[in-house]
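Structure first, then comments.
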Amino acid sequence: MVNNLSPKTASPPPPRHIAIIMDGNGRWAKARGLPRVAGHQRGADAVRGVVEACQDLGISYLTLYAFSSENWKRPPAEVDDLMGLLRVYLRRELRELHRSGVRVRFIGNWSVLAKDIVDLIEDAERTTRHNTGLTLIIAVNYGSHNEILGAVRRIAEQVGTGRLKVEDIDDAVFAHHLNTDGIPDPDLIVRTSGEKRLSNFLLWQAAYAELLFTDLLWPDFNRQSLEEVVDEFHRRDRRYGATSG
Ligand code: FPP
């Protein structure tokens, strides 16, 4: 009997780790005559959709830049709005994230945030730590320079006390002292809103990442946008310093 099932064309594996600089919430709101907070609210809605889409596409790690160490320079009311949205997100979404097997991790100096947010962060990490689905990494009060300086200080301390030899400091030792210890480097870093900068985001980890800049504003970024960036990633030729085959 003729087997009329056509052979499946193997689709390339998705990037293992996508990191996103979610930019353009303010412009999205301004274009509609709305207050900036409305853009951030729609940005938080977009987060929900993209987390789901990553799970469906089989992406293992998603890092989101929610609040940078430089974002404290914004007006206090906007900082409060952003913290409020993080609070609401964690309160509302933790149960569903846990149910669907998402492991939640935070990077950045989040320990200085309001006590109730610190509690929510610790609860989210503790509750989901054994989950094996998507790892969702939320960068809060994160900046690469702080992260790298922290690593340098801890390594220097260990050298000072004789626990580590200078000649033993290599990539792996250094990466172990970063906030992202145990997380593979991003394969793809996406920034929305047309800006073409990394803005102190994952500078060490970005060494071999593909960088993709889209004009879409973050609140407009959806499942289809994610599929498009994954398609573009597949068109890139990653050589890690070698020549192409
Ligand atoms: C940049 O837009 C966006 C931010 C500084 C914050 C991102 C936060 C969220 C999407 C909501 C909360 C996050 C989670 C994880 C629930 P912008 O304000 O710089 O936009 P603009 O450049 O157009 O002014």
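All residue names refer to the structure tokens as shown: chains lettered A, B, ... in order, residues numbered from 1 in each chain, ligands numbered from 1 in order.
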Mind dumping a table of every chain A residue within 10 Å of ligand 1, with the nearest atom pair and its distance in Å to one decimal, using only C-alpha atoms and all ligand atoms, sorted by chain and rising number, as JSON lines?
```
{"residue": "A:Ile21", "atom": "CA", "partner": "ligand 1", "partner_atom_place_in_ligand_line": "1 (C)", "distance": 7.7}
{"residue": "A:Met22", "atom": "CA", "partner": "ligand 1", "partner_atom_place_in_ligand_line": "3 (C)", "distance": 5.3}
{"residue": "A:Asp23", "atom": "CA", "partner": "ligand 1", "partner_atom_place_in_ligand_line": "1 (C)", "distance": 3.7}
{"residue": "A:Gly24", "atom": "CA", "partner": "ligand 1", "partner_atom_place_in_ligand_line": "23 (O)", "distance": 3.3}
{"residue": "A:Asn25", "atom": "CA", "partner": "ligand 1", "partner_atom_place_in_ligand_line": "20 (O)", "distance": 4.0}
{"residue": "A:Gly26", "atom": "CA", "partner": "ligand 1", "partner_atom_place_in_ligand_line": "24 (O)", "distance": 3.6}
{"residue": "A:Arg27", "atom": "CA", "partner": "ligand 1", "partner_atom_place_in_ligand_line": "23 (O)", "distance": 3.6}
{"residue": "A:Trp28", "atom": "CA", "partner": "ligand 1", "partner_atom_place_in_ligand_line": "23 (O)", "distance": 6.3}
{"residue": "A:Ala29", "atom": "CA", "partner": "ligand 1", "partner_atom_place_in_ligand_line": "23 (O)", "distance": 7.9}
{"residue": "A:Lys30", "atom": "CA", "partner": "ligand 1", "partner_atom_place_in_ligand_line": "23 (O)", "distance": 8.0}
{"residue": "A:Ala31", "atom": "CA", "partner": "ligand 1", "partner_atom_place_in_ligand_line": "23 (O)", "distance": 9.6}
{"residue": "A:Arg36", "atom": "CA", "partner": "ligand 1", "partner_atom_place_in_ligand_line": "18 (O)", "distance": 7.0}
{"residue": "A:Val37", "atom": "CA", "partner": "ligand 1", "partner_atom_place_in_ligand_line": "18 (O)", "distance": 8.5}
{"residue": "A:Gly39", "atom": "CA", "partner": "ligand 1", "partner_atom_place_in_ligand_line": "18 (O)", "distance": 7.5}
{"residue": "A:His40", "atom": "CA", "partner": "ligand 1", "partner_atom_place_in_ligand_line": "11 (C)", "distance": 5.0}
{"residue": "A:Gln41", "atom": "CA", "partner": "ligand 1", "partner_atom_place_in_ligand_line": "11 (C)", "distance": 6.2}
{"residue": "A:Arg42", "atom": "CA", "partner": "ligand 1", "partner_atom_place_in_ligand_line": "10 (C)", "distance": 7.4}
{"residue": "A:Gly43", "atom": "CA", "partner": "ligand 1", "partner_atom_place_in_ligand_line": "10 (C)", "distance": 3.9}
{"residue": "A:Ala44", "atom": "CA", "partner": "ligand 1", "partner_atom_place_in_ligand_line": "11 (C)", "distance": 4.1}
{"residue": "A:Asp45", "atom": "CA", "partner": "ligand 1", "partner_atom_place_in_ligand_line": "16 (C)", "distance": 7.8}
{"residue": "A:Ala46", "atom": "CA", "partner": "ligand 1", "partner_atom_place_in_ligand_line": "10 (C)", "distance": 7.3}
{"residue": "A:Val47", "atom": "CA", "partner": "ligand 1", "partner_atom_place_in_ligand_line": "15 (C)", "distance": 6.3}
{"residue": "A:Arg48", "atom": "CA", "partner": "ligand 1", "partner_atom_place_in_ligand_line": "16 (C)", "distance": 8.0}
{"residue": "A:Val51", "atom": "CA", "partner": "ligand 1", "partner_atom_place_in_ligand_line": "15 (C)", "distance": 10.0}
{"residue": "A:Thr63", "atom": "CA", "partner": "ligand 1", "partner_atom_place_in_ligand_line": "15 (C)", "distance": 9.5}
{"residue": "A:Leu64", "atom": "CA", "partner": "ligand 1", "partner_atom_place_in_ligand_line": "15 (C)", "distance": 6.6}
{"residue": "A:Tyr65", "atom": "CA", "partner": "ligand 1", "partner_atom_place_in_ligand_line": "7 (C)", "distance": 6.7}
{"residue": "A:Ala66", "atom": "CA", "partner": "ligand 1", "partner_atom_place_in_ligand_line": "7 (C)", "distance": 4.4}
{"residue": "A:Phe67", "atom": "CA", "partner": "ligand 1", "partner_atom_place_in_ligand_line": "6 (C)", "distance": 5.6}
{"residue": "A:Ser68", "atom": "CA", "partner": "ligand 1", "partner_atom_place_in_ligand_line": "5 (C)", "distance": 7.2}
{"residue": "A:Glu70", "atom": "CA", "partner": "ligand 1", "partner_atom_place_in_ligand_line": "5 (C)", "distance": 9.4}
{"residue": "A:Asn71", "atom": "CA", "partner": "ligand 1", "partner_atom_place_in_ligand_line": "5 (C)", "distance": 6.6}
{"residue": "A:Trp72", "atom": "CA", "partner": "ligand 1", "partner_atom_place_in_ligand_line": "5 (C)", "distance": 9.9}
{"residue": "A:Arg74", "atom": "CA", "partner": "ligand 1", "partner_atom_place_in_ligand_line": "5 (C)", "distance": 9.1}
{"residue": "A:Glu78", "atom": "CA", "partner": "ligand 1", "partner_atom_place_in_ligand_line": "18 (O)", "distance": 8.8}
{"residue": "A:Val79", "atom": "CA", "partner": "ligand 1", "partner_atom_place_in_ligand_line": "5 (C)", "distance": 9.0}
{"residue": "A:Asp81", "atom": "CA", "partner": "ligand 1", "partner_atom_place_in_ligand_line": "12 (C)", "distance": 8.9}
{"residue": "A:Leu82", "atom": "CA", "partner": "ligand 1", "partner_atom_place_in_ligand_line": "12 (C)", "distance": 5.9}
{"residue": "A:Met83", "atom": "CA", "partner": "ligand 1", "partner_atom_place_in_ligand_line": "12 (C)", "distance": 7.7}
{"residue": "A:Gly84", "atom": "CA", "partner": "ligand 1", "partner_atom_place_in_ligand_line": "12 (C)", "distance": 8.4}
{"residue": "A:Leu85", "atom": "CA", "partner": "ligand 1", "partner_atom_place_in_ligand_line": "12 (C)", "distance": 5.3}
{"residue": "A:Leu86", "atom": "CA", "partner": "ligand 1", "partner_atom_place_in_ligand_line": "16 (C)", "distance": 4.6}
{"residue": "A:Arg87", "atom": "CA", "partner": "ligand 1", "partner_atom_place_in_ligand_line": "16 (C)", "distance": 7.8}
{"residue": "A:Val88", "atom": "CA", "partner": "ligand 1", "partner_atom_place_in_ligand_line": "16 (C)", "distance": 7.6}
{"residue": "A:Tyr89", "atom": "CA", "partner": "ligand 1", "partner_atom_place_in_ligand_line": "16 (C)", "distance": 5.0}
{"residue": "A:Leu90", "atom": "CA", "partner": "ligand 1", "partner_atom_place_in_ligand_line": "16 (C)", "distance": 7.4}
{"residue": "A:Glu93", "atom": "CA", "partner": "ligand 1", "partner_atom_place_in_ligand_line": "16 (C)", "distance": 9.3}
{"residue": "A:Leu136", "atom": "CA", "partner": "ligand 1", "partner_atom_place_in_ligand_line": "15 (C)", "distance": 9.6}
{"residue": "A:Ile137", "atom": "CA", "partner": "ligand 1", "partner_atom_place_in_ligand_line": "15 (C)", "distance": 9.1}
{"residue": "A:Ile138", "atom": "CA", "partner": "ligand 1", "partner_atom_place_in_ligand_line": "15 (C)", "distance": 6.2}
{"residue": "A:Ala139", "atom": "CA", "partner": "ligand 1", "partner_atom_place_in_ligand_line": "15 (C)", "distance": 8.2}
{"residue": "A:Val140", "atom": "CA", "partner": "ligand 1", "partner_atom_place_in_ligand_line": "15 (C)", "distance": 8.5}
{"residue": "A:Arg191", "atom": "CA", "partner": "ligand 1", "partner_atom_place_in_ligand_line": "1 (C)", "distance": 10.0}
{"residue": "A:Thr192", "atom": "CA", "partner": "ligand 1", "partner_atom_place_in_ligand_line": "1 (C)", "distance": 8.9}
{"residue": "A:Ser193", "atom": "CA", "partner": "ligand 1", "partner_atom_place_in_ligand_line": "23 (O)", "distance": 7.2}
{"residue": "A:Gly194", "atom": "CA", "partner": "ligand 1", "partner_atom_place_in_ligand_line": "22 (O)", "distance": 9.6}
{"residue": "A:Glu195", "atom": "CA", "partner": "ligand 1", "partner_atom_place_in_ligand_line": "22 (O)", "distance": 8.5}
{"residue": "A:Leu217", "atom": "CA", "partner": "ligand 1", "partner_atom_place_in_ligand_line": "23 (O)", "distance": 7.5}
{"residue": "A:Trp218", "atom": "CA", "partner": "ligand 1", "partner_atom_place_in_ligand_line": "10 (C)", "distance": 7.2}
{"residue": "A:Pro219", "atom": "CA", "partner": "ligand 1", "partner_atom_place_in_ligand_line": "10 (C)", "distance": 7.6}
```
Q) Any idea what's packed within 9 Å of Arg238 (chain A), counting only C-alpha atoms, ignoring anything in its chain fewer than 3 positions away? Could you give it as a PyMOL selection string? A) chain A and resi 208-210+241-242+244
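Ranking A:Gly162, A:Pro75, A:Gly133, A:Pro186 by their shortest atom-to-atom distance to Val102 (chain A), with only C-alpha atoms included, puts A:Gly133 first.
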Q: Would you please extract all strand (DSSP E) residues from region 4-207 of chain A, as assigned by DSSP on the backbone, and give them as an MDAnalysis selection string?
A: chainID A and resid 17:21 61:68 103:107 135:142 188:191
(Q) Given only C-alpha atoms as the basis, pick out the residue of A:Phe233, A:Tyr240, A:Tyr142, A:Trp110 nearest to Ser199 (chain A). (A) A:Tyr142
